[in-house]
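Asker: Shown below is the structure under consideration.
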Amino acid sequence: MNDILAGMMSVCTPTALLLMAGGVVLGIVFGALPGLSATTGIALCLPITYRLGPIDAIALLIGIYVGGISGALISAILINVPGTVASAATTFDGYPMAQKGKAAEALGIGLMSSFIGTLLSFLALIFIAPTLAQITIHFSPFEYASIVLFSLTLIGTLISGSVVKGLMSGVLGVMLGCVGVAPGTGTVRFSFGLVQLSAGFSQTPAMVGVFALGSQLGLIAKGFKAKEDQIRQCKMHGFGMPFKEWLHHTPNIIRSALIGTGIGILPGIGGGTSNLIAYGVAKSTSKYPEKFGTGIPDGIIASETSNNASIGGALIPLLTVGIPGDTVTAMLLGALIIQGLTPGPLLFNNNGVFVYGLFTAVLISTILMIVIEYTGMRWIVKILGVARYMLLPIILVICMTGVYTSNNRMFDLVVMLFFGIVSFLLSRYGFPTPPLILGFILGPYLETYVMRAQQLGRGSLMPVFTHPVAMAFLVITVVFVISQIVKNRKRAKAQGDNPIEEVDD
Amino acid sequence: MTSLRSKHRANLCCGIFFLVFSGAVALYTRTIPISSLNFGGMNSRTFPYACCVIMGVLSLCLIYQSIRGLKNSPEPTEEEKQAEKAERKKPLRALCAMVLVAAYTQLVKPLGYLITTPLFLFALFMLVTPAEVRRPVKQAIVAIVVTVCVYLVFHYAFAVQFPMGPLKFLA
């Protein structure tokens with residue numbers, strides 16, 4: 001109880017509140033700008049967190065996360081281009097509503113749904129996470145190794161259409177994670193005589209390289225239009241519909257929140273998938289499915305509730321097992337490590353104040369998100385009017401400055417450039433980049449746990465058969481890979497082509 | 001829109017590249033010194049070597065799929081050929097941006113942050129801004145203002161020491 005109160009108080013300082021508000025604003029802007037995302041926003045601010053305390057750092061990043069997922073609805077509704085994939089389904093009914101002259105109503109509905117979604121996932125987070133942490137505290141290296149393997153495989157296979165390419169990207173990330181001191185033995189590997197590489201690639205420049213530089217190189221390659229789709233002026237009034245009508249949508253809200261939270265818990269598939277699934281389920285269970293896509297609130301509610309509900313879901317595996325569920329939580333893992341905190345069950349015992357501070361930060365950021373987005377919509381829309389060919393170079397310079405300041409090393413800029421080029425090339429040839437960074441982060445954990453498991457099994461991994469949880473994860477991993485391959489083959493046969501499915505550029 | 005055939009060809013090249021890459025890394029792992037610490041048969045070579053094997057197998061899968069795809073896919077249409085030509089030119093701008101970033105990493109120490117950053121930012125503006133809306137004077141001013149703002153924030157709020165180059169007297 002003391003931890004809960006102390007945690008709540010720790011984020012109620014003026015600095016933390018200001019950072020959260022700033023993070024929410026930045027997140028909304030980054031989420032709303034097509035091509036940027038909450039991940040880019042966090043990549044931009046990650047180096048800054050070196051200078052902050054753990055609570056202030058996480059308050060800023062959670063603010064960006066919450067704002068970033070919600071902000072994507074603005075461009076989805078106003079210009080039919082989702083700021084991020086998490087709001088792809090919002091365009092289906094949001095844009096038709098805007099075309100009917102109901103843009104403010106659509107934004108109000110989206111905003112309120114985002115708020116409710118995050119709030120419900122917050123409840124799931126505070127009830128599920130501590131209980132799960134009590135269970136995972138008894139996990140041995142066998143369980144951890146199989147969970148990391150499961151996460152890597154799931155991410156590799158689900159995030160891209162091609163199972164092979166997804167897995168290759170993940171393995172490449174694991175290989176890059178091998179650079180530096182080997183866990184356990186202390187042997188330096190793949191440093192090629194460079195002293196700067198003896199500790200491996202720093203996580204911050206690697207992540208900024210992949211998510212900021214890599215994605216920006218992709219946008220630069222595509223080129224910018226002289227006159228881009230301009231977001232119209234918009235003034236908010238109310239939340240789209242009266243309270244009674246909101247009550248009528250309760251089943252849709254709860255169902256979508258459950259879908260979002262559930263999918264968020266699974267590694268690799270966050271808001272980007274949950275919004276489409278929730279939309280599909282809402283349509284199939286609706287009494288008027290034919291109206292979906294014509295501009296009805298149900299579609300916006302399903303999409304926005306579920307993508308925001310993924311936030312709390314994705315935080316659960318990060319905090320309880322120390323395994324990030326998606327790219328944003330991978331960044332948060334990096335931020336926690338920078339602060340000297342190790343996510344996992346022990347975090348609840350050793351840093352209870354921090355954990356409850358994080359929970360409170362999610363809640364406060366959610367409230368700030370709805371207040372800022374509602375009252376500041378007029379200005380947010382104006383910021384979005386700034387041409388991307390002006391914004392992107394400025395963002396890149398801030399990212400590069402941030403990377404330099406993280407260690408005051410020029411070499412980190414070289415690492416950023418290296419990861420940026422790798423990420424750009426992978427994306428260009430249809431390889432997904434999230435598995436790369438998750439492999440890079442999780443690879444050393446996998447090696448450590450496998451080493452410990454083997455040590456525990458006295459040179460054998462066979463004792464894994466006596467660990468039901470570990471076995472269950474391994475079986476699920478194998479079944480999942482096989483089912484994905486079979487699914488791809490069936491689809492390819494139906495199309496009369498081979499099983500390679502490309503990722504959109 | 002690029003043709004299916006060229007996608008398979010690109011995949012084939014990727015597969016071959018990753019196969020060679022994993023082979024080279026596997027060979028290199030043999031030079032990693034082995035520690036006397038015992039981890040139940042595992043040493044500092046085992047994990048990277050296992051990764052190379054997995055990568056090699058996946059590369060072979062990609063090569064196999066691509067060859068099958070190349071056999072089955074039709075010849076590209078004239079429209080697709082034109083689109084591919086345009087597509088090939090796209091990375092040039094990204095390549096220029098990479099060169100700019102690389103030059104920045106090399107020049108920032110001798111020239112200092114306050115000189116290199118506005119030059120880099122201005123060059124980037126010129127590179128990414130469509131010709132019809134390029135405003136060199138306005139964008140140069142933006143580059144200088146942004147650099148000074150970023151410098152002031154990081155230097156005074158976060159106490160970061162930047163390389164100053166010839167402008168050392170300002171620090």
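Within each chain, counting starts at residue 1; across the structure tokens, chains are named A, B, ... in the order shown, with ligands numbered 1 upward in that order.
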Need to verify the contact set: Thr31 (chain B), 12 Å, only C-alpha atoms, exclusion of same-chain residues closer than 5 positions in sequence. Can you return it as an mmCIF file with N, CA, C and O atoms, in the first residue's frame?
Answerer:
```
data_model
loop_
_atom_site.group_PDB
_atom_site.id
_atom_site.type_symbol
_atom_site.label_atom_id
_atom_site.label_comp_id
_atom_site.auth_asym_id
_atom_site.auth_seq_id
_atom_site.Cartn_x
_atom_site.Cartn_y
_atom_site.Cartn_z
ATOM 1 N N THR A 187 33.969 -13.045 -23.160
ATOM 2 C CA THR A 187 34.782 -12.958 -24.382
ATOM 3 C C THR A 187 34.226 -11.869 -25.301
ATOM 4 O O THR A 187 33.017 -11.783 -25.489
ATOM 5 N N VAL A 188 35.119 -11.076 -25.876
ATOM 6 C CA VAL A 188 34.666 -10.034 -26.806
ATOM 7 C C VAL A 188 34.555 -10.636 -28.204
ATOM 8 O O VAL A 188 35.476 -11.289 -28.688
ATOM 9 N N ARG A 189 33.354 -10.420 -28.830
ATOM 10 C CA ARG A 189 33.116 -11.003 -30.155
ATOM 11 C C ARG A 189 32.829 -9.913 -31.182
ATOM 12 O O ARG A 189 32.196 -8.907 -30.868
ATOM 13 N N PHE A 190 33.218 -10.151 -32.394
ATOM 14 C CA PHE A 190 32.893 -9.297 -33.554
ATOM 15 C C PHE A 190 33.181 -7.806 -33.333
ATOM 16 O O PHE A 190 32.445 -6.958 -33.827
ATOM 17 N N SER A 191 34.220 -7.490 -32.581
ATOM 18 C CA SER A 191 34.502 -6.063 -32.368
ATOM 19 C C SER A 191 35.462 -5.533 -33.439
ATOM 20 O O SER A 191 35.609 -4.317 -33.579
ATOM 21 N N PHE A 192 36.074 -6.405 -34.189
ATOM 22 C CA PHE A 192 37.004 -6.062 -35.273
ATOM 23 C C PHE A 192 38.070 -5.063 -34.807
ATOM 24 O O PHE A 192 38.439 -4.147 -35.540
ATOM 25 N N ALA B 24 30.076 -16.288 -44.108
ATOM 26 C CA ALA B 24 31.243 -15.500 -43.698
ATOM 27 C C ALA B 24 31.282 -15.332 -42.177
ATOM 28 O O ALA B 24 32.345 -15.487 -41.556
ATOM 29 N N VAL B 25 30.118 -15.053 -41.591
ATOM 30 C CA VAL B 25 30.071 -14.888 -40.126
ATOM 31 C C VAL B 25 30.404 -16.212 -39.439
ATOM 32 O O VAL B 25 31.125 -16.236 -38.436
ATOM 33 N N ALA B 26 29.870 -17.313 -40.002
ATOM 34 C CA ALA B 26 30.148 -18.633 -39.413
ATOM 35 C C ALA B 26 31.660 -18.911 -39.407
ATOM 36 O O ALA B 26 32.193 -19.429 -38.423
ATOM 37 N N SER B 44 31.340 -19.138 -26.105
ATOM 38 C CA SER B 44 31.019 -17.865 -26.769
ATOM 39 C C SER B 44 30.836 -18.004 -28.280
ATOM 40 O O SER B 44 30.367 -17.087 -28.933
ATOM 41 N N ARG B 45 31.193 -19.157 -28.855
ATOM 42 C CA ARG B 45 31.011 -19.360 -30.298
ATOM 43 C C ARG B 45 29.645 -19.962 -30.622
ATOM 44 O O ARG B 45 29.135 -19.785 -31.724
ATOM 45 N N PRO B 48 26.390 -17.482 -31.748
ATOM 46 C CA PRO B 48 26.487 -16.874 -33.076
ATOM 47 C C PRO B 48 26.516 -17.913 -34.191
ATOM 48 O O PRO B 48 25.951 -17.702 -35.261
ATOM 49 N N TYR B 49 27.145 -19.061 -33.897
ATOM 50 C CA TYR B 49 27.226 -20.107 -34.908
ATOM 51 C C TYR B 49 25.825 -20.657 -35.202
ATOM 52 O O TYR B 49 25.459 -20.861 -36.367
#
```
Asker: Using only C-alpha atoms, I'd like every residue of chain A that has an atom within 6 Å of chain B; please write them out as a PyMOL selection string.
Answerer: chain A and resi 182+185+217+220-221+226+389+451+454-455+458-459+498
Asker: Residues near Thr118 (chain A), anyone? I mean within 7 Å using only C-alpha atoms, not counting same-chain ones fewer than 5 positions away, as a VMD selection string.
Answerer: chain A and resid 308 to 309 311 to 312 366
Asker: Smallest atom-to-atom distance to Arg255 (chain A): which of A:Met241, A:Leu318, A:Ala89, A:Leu120, using only C-alpha atoms?
Answerer: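 Under the stated criterion, the closest residue is A:Leu120.
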Asker: Between CA of Pro74 (chain B) and CA of Gly166 (chain A), what is the distance in Å, rounded to a tenth?
Answerer: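 Computing the Euclidean distance for CA of Pro74 (chain B) and CA of Gly166 (chain A) yields 25.8 Å.
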Asker: Running DSSP on the backbone, which parts of region 151-394 of chain A land in alpha helix (DSSP H), as number ranges by chain?
Answerer: A: 151-158, 163-177, 203-208, 215-222, 243-248, 250-265, 271-285, 297-320, 327-338, 345-350, 352-375, 377-384, 388-394
Asker: Taking only C-alpha atoms into account, which of A:Leu417, A:Met410, A:Ile4, A:Met9 comes nearest Gly352 (chain A)?
Answerer: A:Ile4
Asker: So that I can see what lies close to Leu426 (chain A), please list as a PDB file with C-alpha atoms, in the first residue's frame the residues with an atom at most 10 Å from it, counting only C-alpha atoms and leaving out residues fewer than 4 positions away in the same chain.
Answerer:
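Result file follows (part09.pdb):
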```pdb
ATOM      1  CA  LYS A 165      11.636 -12.791 -44.355  1.00  0.00           C
ATOM      2  CA  SER A 169      15.043 -10.045 -40.030  1.00  0.00           C
ATOM      3  CA  GLY A 214      15.642   4.264 -41.387  1.00  0.00           C
ATOM      4  CA  GLY A 420      19.523   3.366 -40.352  1.00  0.00           C
ATOM      5  CA  ILE A 421      21.031   2.020 -43.572  1.00  0.00           C
ATOM      6  CA  VAL A 422      20.350  -1.602 -42.575  1.00  0.00           C
ATOM      7  CA  GLY A 430      10.307  -6.230 -48.145  1.00  0.00           C
ATOM      8  CA  PHE A 431      11.867  -7.349 -44.840  1.00  0.00           C
ATOM      9  CA  PRO A 432      10.007  -6.049 -41.769  1.00  0.00           C
ATOM     10  CA  THR A 433      12.179  -3.995 -39.389  1.00  0.00           C
ATOM     11  CA  LEU A 436      15.283  -6.731 -36.378  1.00  0.00           C
TER      12      LEU A 436
ATOM     13  CA  CYS B  14      18.673 -11.107 -50.902  1.00  0.00           C
TER      14      CYS B  14
END
```
Asker: Of the residues A:Val208, A:Ile64, A:Ile277, A:Ile367, which is the one nearest to Asp412 (chain A), using only C-alpha atoms?
Answerer: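 Comparing A:Val208, A:Ile64, A:Ile277, A:Ile367 against Asp412 (chain A), the winner is A:Val208.
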Asker: Can you pull out every residue within 10 Å of Leu26 (chain A), counting only C-alpha atoms, but drop anything in the same chain fewer than 2 positions away, and send it as a PyMOL selection string?
Answerer: chain A and resi 20-24+28-32+38+41-42+45+60+63-65+67-68+71+380
Asker: Write a file of the selected residues as an mmCIF file, in the first residue's frame, keeping N, CA and C atoms.
Answerer:
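The resulting file, result18.cif, is reproduced below:
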```cif
data_model
loop_
_atom_site.group_PDB
_atom_site.id
_atom_site.type_symbol
_atom_site.label_atom_id
_atom_site.label_comp_id
_atom_site.auth_asym_id
_atom_site.auth_seq_id
_atom_site.Cartn_x
_atom_site.Cartn_y
_atom_site.Cartn_z
ATOM 1 N N MET A 20 4.945 14.720 -18.906
ATOM 2 C CA MET A 20 3.852 13.907 -19.452
ATOM 3 C C MET A 20 3.032 14.713 -20.449
ATOM 4 N N ALA A 21 2.719 15.970 -20.072
ATOM 5 C CA ALA A 21 1.932 16.822 -20.970
ATOM 6 C C ALA A 21 2.701 17.061 -22.272
ATOM 7 N N GLY A 22 3.999 17.354 -22.136
ATOM 8 C CA GLY A 22 4.836 17.552 -23.329
ATOM 9 C C GLY A 22 4.889 16.291 -24.175
ATOM 10 N N GLY A 23 5.022 15.157 -23.487
ATOM 11 C CA GLY A 23 5.067 13.866 -24.184
ATOM 12 C C GLY A 23 3.772 13.589 -24.924
ATOM 13 N N VAL A 24 2.641 13.898 -24.282
ATOM 14 C CA VAL A 24 1.340 13.658 -24.924
ATOM 15 C C VAL A 24 1.211 14.523 -26.180
ATOM 16 N N ILE A 28 0.890 13.043 -29.857
ATOM 17 C CA ILE A 28 -0.269 13.302 -30.719
ATOM 18 C C ILE A 28 0.205 13.790 -32.096
ATOM 19 N N VAL A 29 1.165 14.732 -32.081
ATOM 20 C CA VAL A 29 1.670 15.285 -33.350
ATOM 21 C C VAL A 29 2.354 14.190 -34.170
ATOM 22 N N PHE A 30 3.201 13.396 -33.509
ATOM 23 C CA PHE A 30 3.909 12.328 -34.225
ATOM 24 C C PHE A 30 2.938 11.252 -34.713
ATOM 25 N N GLY A 31 1.940 10.959 -33.885
ATOM 26 C CA GLY A 31 0.957 9.949 -34.282
ATOM 27 C C GLY A 31 0.147 10.422 -35.464
ATOM 28 N N ALA A 32 -0.175 11.712 -35.486
ATOM 29 C CA ALA A 32 -1.031 12.248 -36.539
ATOM 30 C C ALA A 32 -0.302 12.432 -37.866
ATOM 31 N N ALA A 38 4.449 6.909 -32.732
ATOM 32 C CA ALA A 38 4.875 6.996 -31.327
ATOM 33 C C ALA A 38 6.297 6.467 -31.194
ATOM 34 N N GLY A 41 8.669 9.135 -32.039
ATOM 35 C CA GLY A 41 8.658 10.113 -30.941
ATOM 36 C C GLY A 41 9.502 9.637 -29.777
ATOM 37 N N ILE A 42 9.361 8.370 -29.443
ATOM 38 C CA ILE A 42 10.138 7.816 -28.324
ATOM 39 C C ILE A 42 11.619 7.753 -28.706
ATOM 40 N N CYS A 45 13.103 11.060 -28.108
ATOM 41 C CA CYS A 45 13.257 11.483 -26.711
ATOM 42 C C CYS A 45 14.096 10.523 -25.867
ATOM 43 N N LEU A 60 7.620 10.829 -19.356
ATOM 44 C CA LEU A 60 7.725 11.431 -20.690
ATOM 45 C C LEU A 60 7.392 10.403 -21.777
ATOM 46 N N GLY A 63 3.781 9.278 -21.881
ATOM 47 C CA GLY A 63 2.995 10.365 -22.479
ATOM 48 C C GLY A 63 3.035 10.277 -23.996
ATOM 49 N N ILE A 64 4.228 10.047 -24.546
ATOM 50 C CA ILE A 64 4.365 9.951 -26.011
ATOM 51 C C ILE A 64 3.597 8.723 -26.528
ATOM 52 N N TYR A 65 3.727 7.621 -25.796
ATOM 53 C CA TYR A 65 3.078 6.357 -26.202
ATOM 54 C C TYR A 65 1.557 6.549 -26.291
ATOM 55 N N GLY A 67 -0.221 9.380 -26.302
ATOM 56 C CA GLY A 67 -0.572 10.410 -27.284
ATOM 57 C C GLY A 67 -0.406 9.919 -28.708
ATOM 58 N N GLY A 68 0.667 9.155 -28.934
ATOM 59 C CA GLY A 68 0.981 8.679 -30.285
ATOM 60 C C GLY A 68 -0.056 7.735 -30.842
ATOM 61 N N GLY A 71 -3.243 9.971 -31.401
ATOM 62 C CA GLY A 71 -3.103 11.041 -32.398
ATOM 63 C C GLY A 71 -3.345 10.592 -33.828
ATOM 64 N N ILE A 380 -3.294 21.673 -32.912
ATOM 65 C CA ILE A 380 -2.664 20.437 -33.398
ATOM 66 C C ILE A 380 -2.838 20.347 -34.911
#
```
Asker: Find the spatial neighbours of Gly170 (chain A), counting only C-alpha atoms, within a cut-off of 6 Å - ignore same-chain residues fewer than 2 positions away - and output them as a ChimeraX atom specification.
Answerer: /A:156,167-168,172-173,435-436,439
